[in-house]
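Read the structure below first, then the notes.
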Amino acid sequence: MCGSIPIQPGQKFRCQCPRGGNGARLCRTLCPWPKNQLHKTWPIATQHAKASGMSSAAAQGQIVVGLDIGTTKVCAVVAEIADDGLAILGVGMVPCRGLRKGIVANIDWTVRSIKDAIESAQTMAGVEIRTVYAGIGGSHVRSSTSDGVAAIAGGEVTRDDVERVLEGARAIPVDADRQILHVLPSEYTVDVQDGIRDPIGMAGVRLGVKVNLVTAATSCVQNVVRCAERCGLAVADVVLQPLASSEAVLSDDEKEIGVAVIDIGGGTTDLLLYVEGGIAHTSVIPVGGNNITSDIAAGLRTPVAEADRLKRLSGCALGRLVAEDEEIEVPGVGGHAPRRTARRVLADIIEPRVEEILAVVRKRIEDTGMLEQLSAGAVLTGGSVLLQGTREFAEEILGMPVRVATPIGIRGITQLVGGPEFATGVGLVRYGAQTIVEAAARSVPERALGGSARGRVPSAVEIQSPKKKGWILDWVKAAF
């Protein structure tokens with residue numbers, strides 16, 4: 001939202017200032033900047049501001065766009081930050097053939113899919129998209145743990161202290177062809193007290209942190225950014241896809257008592273574990289829904305496109321749920337006539353592959369030693385979990401409660417993003433919105449806060465304060 005001084009809600013004036021980001025919209029607060037007075041948009045920051053919705057008045061009305069570039073589809077989700085959460089304005093989803101197992105394999109095909117998805121979302125939302133939060137996945141993503149220690153300056157923990165200790169935690173050797181995507185703190189310690197989630201304001205002399213470092217191949221990240229830039233888009237941030245999915249589908253209670261997020265996509269299966277409110281483990285398994293499609297194409301001797309259609313329309317992950325007398329029509333290959341076969345045959349092809357994926361997931365969880373700490377069970381996301389019987393099969397193999405995810409905390413045209421296949425797209429939007437809200441809260445000038453801004457870190461993009469004397473009077477005259 002342009003400006004930093006909220007007036008009465010409901011008063012709508014068209015902002016006269018040049019807006020960055022995704023195009024000017026009607027402001028819900030009066031913009032305090034004079035006409036033609038240059039100022040910059042709210043910067044990009046970190047986390048926080050999660051549970052209570054988008055509360056910063058300065059961020060309300062901002063447009064956020066999530067771009068989920070997956071192996072089988074590209075999905076663009078457009079939302080507006082509101083005082084009671086996110087309002088979904090538009091969605092664009094198109095097939096994608098430019099990625100293999102989550103990694104860009106053909107830039108031209110990927111660019112074409114991104115353009116189509118963005119154009120569709122722009123048309124529905126009625127805004128011009130210039131900046132996106134892009135998701136990334138693939139088997140090149142790795143996770144490791146680290147810790148950091150820093151002295152507390154002044155005897156009270158400030159945001160500067162937190163940033164210094166996080167910088168210390170990320171100061172580990174990384175291969176030249178890799179880069180750190182995320183530094184995810186699991187807990188802080190102040191002197192001898194551990195298990196602290198937010199140490200700011202606490203008294204002490206020594207601050208420590210345990211973090212989960214997510215790294216990715218630099219070339220893979222650059223290819224995602226390059227594809228977006230060739231579509232005329234600026235990438236505000238690149239976000240791990242399972243992390244984005246968790247932002248869209250998990251409640252704070254689930255994160256607190258322990259939960260596993262299992263995102264079964266087309267090319268990969270992503271695993272993310274939350275324990276005691278923090279991210280404890282991330283992992284990528286290079287098997288997904290495309291492997292199921294390939295099995296069907298080979299087993300039923302049908303084209304891959306028809307195998308995918310059969311999987312979506314008639315597939316079942318648990319053979320015993322299919323009646324013996326159910327039949328399906330299988331198209332032939334190379335001019336052969338279609339033939340009818342029992343639906344149970346299709347289920348018998350799908351079931352072993354789904355069992356393999358879920359067994360590998362359980363093995364990964366067991367290897368972390370956290371299986372017994374996941375009291376909330378598992379949450380399934382991704383388009384492949386729409387197969388009938390997947391939830392029941394997962395409960396059997398994982399030995400825990402399982403639910404199929406739906407995005408939460410959104411409004412607007414929610415019926416278009418209500419399925420698990422949209423979890424990453426909605427999560428990218430939520431991640432971006434939280435980033436903007438946090439940045440707005442930290443960037444409000446001290447005079448607007450009505451108090452000291454001690455402990456706040458100046459943002460990378462600061463608002464340029466008007467230097468013209470008597471600018472408020474000039475603005476009032478211009479507005480009225």
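Convention: chains lettered A, B, ... in structure tokens order; per-chain residue numbering from 1; ligands numbered from 1 as shown.
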Do a neighbour search on Ser245 in chain A at 7 Å with only C-alpha atoms, toss out local chain neighbours closer than 4 positions, and write the hits as an MDAnalysis selection string. chainID A and resid 241 249 423:424 427
Polymer residues at most 7 Å from Thr71 in chain A, only C-alpha atoms, same-chain spacing of 4 or more positions, as a list in words: Cys96, Arg97, Leu99, Arg100, Lys101, Gly102, Gly266 and Gly267 of chain A
Export of the given selection (N, CA and C atoms) as a short mmCIF file (atom, residue, chain, number, x, y, z; two decimals), in the first residue's frame:
```cif
data_model
loop_
_atom_site.label_atom_id
_atom_site.label_comp_id
_atom_site.auth_asym_id
_atom_site.auth_seq_id
_atom_site.Cartn_x
_atom_site.Cartn_y
_atom_site.Cartn_z
N CYS A 96 3.02 -28.02 -18.81
CA CYS A 96 4.43 -27.66 -19.03
C CYS A 96 5.22 -28.91 -19.38
N ARG A 97 6.02 -28.80 -20.45
CA ARG A 97 6.87 -29.92 -20.86
C ARG A 97 8.34 -29.56 -20.80
N LEU A 99 10.28 -29.04 -18.11
CA LEU A 99 11.03 -29.48 -16.94
C LEU A 99 11.09 -31.00 -16.87
N ARG A 100 12.14 -31.49 -16.28
CA ARG A 100 12.27 -32.92 -16.03
C ARG A 100 12.70 -33.11 -14.59
N LYS A 101 11.85 -33.78 -13.82
CA LYS A 101 12.09 -34.01 -12.39
C LYS A 101 12.38 -32.71 -11.65
N GLY A 102 11.61 -31.67 -11.99
CA GLY A 102 11.70 -30.40 -11.30
C GLY A 102 12.80 -29.48 -11.78
N GLY A 266 4.65 -34.14 -10.19
CA GLY A 266 4.81 -34.93 -11.39
C GLY A 266 6.17 -35.60 -11.48
N GLY A 267 7.24 -34.85 -11.14
CA GLY A 267 8.58 -35.39 -11.29
C GLY A 267 9.25 -35.80 -10.01
#
```
Find the spatial neighbours of Ile129 in chain A, counting only C-alpha atoms, within a cut-off of 10 Å - ignore same-chain residues fewer than 4 positions away - and output them as a list in words.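 In the requested format, the answer is Gly21, Asn22, Gly23, Ile63, Val64, Val65, Val78, Ile118, Glu119, Ala121, Gln122, Ala125, Gly232, Leu233 and Ala234 of chain A.
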Okay, now the selection with N, CA and C atoms, as a compact mmCIF listing (two decimals), in the first residue's frame?
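Final output, saved to again33.txt:
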```txt
# COMPACT_ATOMS: atom_id res chain seq x y z
N GLY A 21 5.93 -2.56 -8.49
CA GLY A 21 5.25 -3.84 -8.26
C GLY A 21 4.30 -4.17 -9.38
N ASN A 22 3.03 -4.46 -9.03
CA ASN A 22 2.12 -5.04 -9.99
C ASN A 22 1.02 -4.09 -10.43
N GLY A 23 1.27 -2.79 -10.47
CA GLY A 23 0.29 -1.88 -11.03
C GLY A 23 -0.50 -1.17 -9.97
N ILE A 63 -0.36 -6.20 -4.39
CA ILE A 63 -0.61 -7.39 -5.20
C ILE A 63 0.60 -8.32 -5.10
N VAL A 64 0.33 -9.60 -4.86
CA VAL A 64 1.38 -10.60 -4.74
C VAL A 64 1.10 -11.71 -5.74
N VAL A 65 2.13 -12.18 -6.41
CA VAL A 65 1.97 -13.23 -7.42
C VAL A 65 2.91 -14.38 -7.12
N VAL A 78 -2.58 -14.99 -8.36
CA VAL A 78 -2.54 -13.56 -8.06
C VAL A 78 -3.45 -13.29 -6.87
N ILE A 118 0.85 -16.65 -17.02
CA ILE A 118 0.80 -15.27 -16.57
C ILE A 118 -0.30 -14.50 -17.29
N GLU A 119 -0.40 -14.68 -18.60
CA GLU A 119 -1.45 -13.98 -19.35
C GLU A 119 -2.84 -14.38 -18.87
N ALA A 121 -3.65 -15.49 -15.84
CA ALA A 121 -3.86 -14.92 -14.51
C ALA A 121 -4.09 -13.41 -14.59
N GLN A 122 -3.35 -12.72 -15.46
CA GLN A 122 -3.54 -11.28 -15.62
C GLN A 122 -4.95 -10.96 -16.10
N ALA A 125 -7.42 -11.52 -13.20
CA ALA A 125 -7.27 -10.62 -12.06
C ALA A 125 -7.43 -9.16 -12.45
N GLY A 232 9.63 -11.15 -19.14
CA GLY A 232 9.45 -9.78 -18.69
C GLY A 232 9.09 -9.65 -17.22
N LEU A 233 9.43 -10.66 -16.43
CA LEU A 233 9.09 -10.67 -15.01
C LEU A 233 10.34 -10.50 -14.16
N ALA A 234 10.18 -9.83 -13.03
CA ALA A 234 11.23 -9.75 -12.03
C ALA A 234 10.93 -10.77 -10.93
```
Compile the contact shell of range 189-206 of chain A as a VMD selection string: residues with an atom at most 8 Å away, counting only C-alpha atoms, same-chain residues fewer than 4 positions apart removed. chain A and resid 149 to 153 155 to 159 162
With distances taken over only C-alpha atoms, which of A:Gly289, A:Gly382, A:Gly90, A:Gly208 is nearest to Pro242 in chain A? A:Gly382
From a backbone DSSP assignment, name each residue in range 321-432 of chain A labelled helix (DSSP H, G or I), as a PyMOL selection string. chain A and resi 321+343-368+371-373+383-386+390-398+414-416+420-432
Take the residues from that selection and write them out as a PDB file, in the first residue's frame, keeping C-alpha atoms.
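Written output follows (again-v6.pdb):
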```
ATOM      1  CA  LEU A 321     -11.416 -50.307  -3.560  1.00  0.00           C
ATOM      2  CA  ARG A 343     -10.402 -51.144 -14.082  1.00  0.00           C
ATOM      3  CA  ARG A 344      -8.787 -53.416 -11.517  1.00  0.00           C
ATOM      4  CA  VAL A 345      -5.924 -53.996 -13.987  1.00  0.00           C
ATOM      5  CA  LEU A 346      -5.246 -50.242 -13.996  1.00  0.00           C
ATOM      6  CA  ALA A 347      -5.299 -50.165 -10.187  1.00  0.00           C
ATOM      7  CA  ASP A 348      -2.895 -53.129 -10.013  1.00  0.00           C
ATOM      8  CA  ILE A 349      -0.415 -51.144 -12.137  1.00  0.00           C
ATOM      9  CA  ILE A 350      -0.732 -47.971 -10.045  1.00  0.00           C
ATOM     10  CA  GLU A 351      -0.637 -49.545  -6.573  1.00  0.00           C
ATOM     11  CA  PRO A 352       2.965 -50.857  -6.566  1.00  0.00           C
ATOM     12  CA  ARG A 353       4.381 -47.492  -7.677  1.00  0.00           C
ATOM     13  CA  VAL A 354       2.394 -45.555  -5.055  1.00  0.00           C
ATOM     14  CA  GLU A 355       3.522 -48.089  -2.446  1.00  0.00           C
ATOM     15  CA  GLU A 356       7.135 -47.569  -3.505  1.00  0.00           C
ATOM     16  CA  ILE A 357       6.856 -43.767  -3.182  1.00  0.00           C
ATOM     17  CA  LEU A 358       5.226 -43.950   0.246  1.00  0.00           C
ATOM     18  CA  ALA A 359       7.708 -46.583   1.456  1.00  0.00           C
ATOM     19  CA  VAL A 360      10.640 -44.347   0.512  1.00  0.00           C
ATOM     20  CA  VAL A 361       8.966 -41.447   2.321  1.00  0.00           C
ATOM     21  CA  ARG A 362       8.576 -43.540   5.470  1.00  0.00           C
ATOM     22  CA  LYS A 363      12.207 -44.661   5.236  1.00  0.00           C
ATOM     23  CA  ARG A 364      13.358 -41.035   4.973  1.00  0.00           C
ATOM     24  CA  ILE A 365      11.304 -40.128   8.041  1.00  0.00           C
ATOM     25  CA  GLU A 366      12.651 -43.104   9.985  1.00  0.00           C
ATOM     26  CA  ASP A 367      16.212 -42.139   9.090  1.00  0.00           C
ATOM     27  CA  THR A 368      15.700 -38.739  10.746  1.00  0.00           C
ATOM     28  CA  LEU A 371       8.756 -40.649  13.240  1.00  0.00           C
ATOM     29  CA  GLU A 372       7.383 -40.719  16.786  1.00  0.00           C
ATOM     30  CA  GLN A 373       7.391 -36.908  17.020  1.00  0.00           C
ATOM     31  CA  GLY A 383      -1.800 -33.260  -8.004  1.00  0.00           C
ATOM     32  CA  SER A 384      -0.854 -36.939  -7.735  1.00  0.00           C
ATOM     33  CA  VAL A 385      -2.574 -37.304  -4.350  1.00  0.00           C
ATOM     34  CA  LEU A 386      -5.948 -36.870  -6.084  1.00  0.00           C
ATOM     35  CA  THR A 390      -4.115 -42.453  -1.839  1.00  0.00           C
ATOM     36  CA  ARG A 391      -4.996 -41.182   1.640  1.00  0.00           C
ATOM     37  CA  GLU A 392      -6.053 -44.624   2.893  1.00  0.00           C
ATOM     38  CA  PHE A 393      -2.954 -46.262   1.416  1.00  0.00           C
ATOM     39  CA  ALA A 394      -0.706 -43.606   2.977  1.00  0.00           C
ATOM     40  CA  GLU A 395      -2.219 -44.214   6.411  1.00  0.00           C
ATOM     41  CA  GLU A 396      -1.438 -47.926   6.103  1.00  0.00           C
ATOM     42  CA  ILE A 397       2.176 -47.493   5.021  1.00  0.00           C
ATOM     43  CA  LEU A 398       3.126 -44.462   7.120  1.00  0.00           C
ATOM     44  CA  THR A 414     -11.192 -19.781  -3.546  1.00  0.00           C
ATOM     45  CA  GLN A 415     -13.046 -22.392  -5.596  1.00  0.00           C
ATOM     46  CA  LEU A 416     -10.335 -22.112  -8.250  1.00  0.00           C
ATOM     47  CA  PRO A 420      -4.000 -29.898  -3.285  1.00  0.00           C
ATOM     48  CA  GLU A 421      -2.437 -29.202  -6.700  1.00  0.00           C
ATOM     49  CA  PHE A 422      -2.657 -25.463  -5.945  1.00  0.00           C
ATOM     50  CA  ALA A 423      -0.968 -25.675  -2.543  1.00  0.00           C
ATOM     51  CA  THR A 424       2.435 -24.506  -3.820  1.00  0.00           C
ATOM     52  CA  GLY A 425       1.005 -21.587  -5.802  1.00  0.00           C
ATOM     53  CA  VAL A 426      -1.064 -20.347  -2.868  1.00  0.00           C
ATOM     54  CA  GLY A 427       1.874 -20.928  -0.522  1.00  0.00           C
ATOM     55  CA  LEU A 428       4.138 -18.771  -2.686  1.00  0.00           C
ATOM     56  CA  VAL A 429       1.568 -15.991  -2.464  1.00  0.00           C
ATOM     57  CA  ARG A 430       1.365 -16.350   1.317  1.00  0.00           C
ATOM     58  CA  TYR A 431       5.150 -16.348   1.588  1.00  0.00           C
ATOM     59  CA  GLY A 432       5.348 -13.179  -0.476  1.00  0.00           C
TER      60      GLY A 432
END
```
Long-range neighbours of Asp263 in chain A as an MDAnalysis selection string, 6 Å cut-off, only C-alpha atoms, 4 positions minimum in chain: chainID A and resid 269:270 380:382
Write to file, as a short mmCIF file (atom, residue, chain, number, x, y, z; two decimals), in the first residue's frame, the residues of the selection just made, with N, CA and C atoms.
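result_10.cif was written with the following content:
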```cif
data_model
loop_
_atom_site.label_atom_id
_atom_site.label_comp_id
_atom_site.auth_asym_id
_atom_site.auth_seq_id
_atom_site.Cartn_x
_atom_site.Cartn_y
_atom_site.Cartn_z
N THR A 269 8.92 -36.12 -5.38
CA THR A 269 8.12 -36.12 -4.15
C THR A 269 8.93 -35.38 -3.09
N ASP A 270 8.38 -34.31 -2.57
CA ASP A 270 9.07 -33.47 -1.58
C ASP A 270 8.57 -33.79 -0.18
N LEU A 380 -0.91 -34.53 2.72
CA LEU A 380 -0.56 -34.81 1.34
C LEU A 380 -0.92 -33.63 0.45
N THR A 381 0.01 -33.18 -0.39
CA THR A 381 -0.27 -32.14 -1.37
C THR A 381 0.25 -32.60 -2.73
N GLY A 382 -0.07 -31.82 -3.76
CA GLY A 382 0.35 -32.17 -5.11
C GLY A 382 -0.76 -32.85 -5.87
#
```
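Distance annotation: of A:Val211, A:Ile436, A:Val74, A:Val238, the residue with the minimal separation from Trp109 in chain A is A:Val74; atom set is only C-alpha atoms.
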Write out as a PyMOL selection string all residues of range 212-263 of chain A that DSSP puts in strand (DSSP E) for this structure's backbone. chain A and resi 212-217+234-240+259-263
Show me, as a list of chain:residue names, the residues that have an atom within 6 Å of Tyr133 in chain A when counting only C-alpha atoms, minus same-chain residues fewer than 6 positions from it. A:Gly66, A:Leu67, A:Val235, A:Ala236, A:Asp237
How would the residues just picked look written out with C-alpha atoms as a short mmCIF file (atom, residue, chain, number, x, y, z; two decimals), in the first residue's frame?
```cif
data_model
loop_
_atom_site.label_atom_id
_atom_site.label_comp_id
_atom_site.auth_asym_id
_atom_site.auth_seq_id
_atom_site.Cartn_x
_atom_site.Cartn_y
_atom_site.Cartn_z
CA GLY A 66 3.17 -16.79 -6.90
CA LEU A 67 4.64 -18.70 -9.85
CA VAL A 235 11.77 -12.53 -9.47
CA ALA A 236 11.41 -11.14 -5.95
CA ASP A 237 12.53 -14.39 -4.35
#
```
Any idea what the distance is between CA of Cys75 in chain A and CA of Lys115 in chain A?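 Result for CA of Cys75 in chain A versus CA of Lys115 in chain A: 10.6 Å, one decimal.
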Using CA of Ile408 in chain A and CA of Leu243 in chain A as the two end points, give the distance in Å to one decimal.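 CA of Leu243 in chain A lies 14.9 Å from CA of Ile408 in chain A.
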Shell around Val259 in chain A at 12 Å using only C-alpha atoms, local window under 6 positions removed, as a PyMOL selection string: chain A and resi 246+249-253+271-281+365+370-380+400-403
Would you compute the distance between CA of Ile264 in chain A and CA of Val287 in chain A? Give it in Å to one decimal.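 Going from CA of Ile264 in chain A over to CA of Val287 in chain A, I get 8.4 Å.
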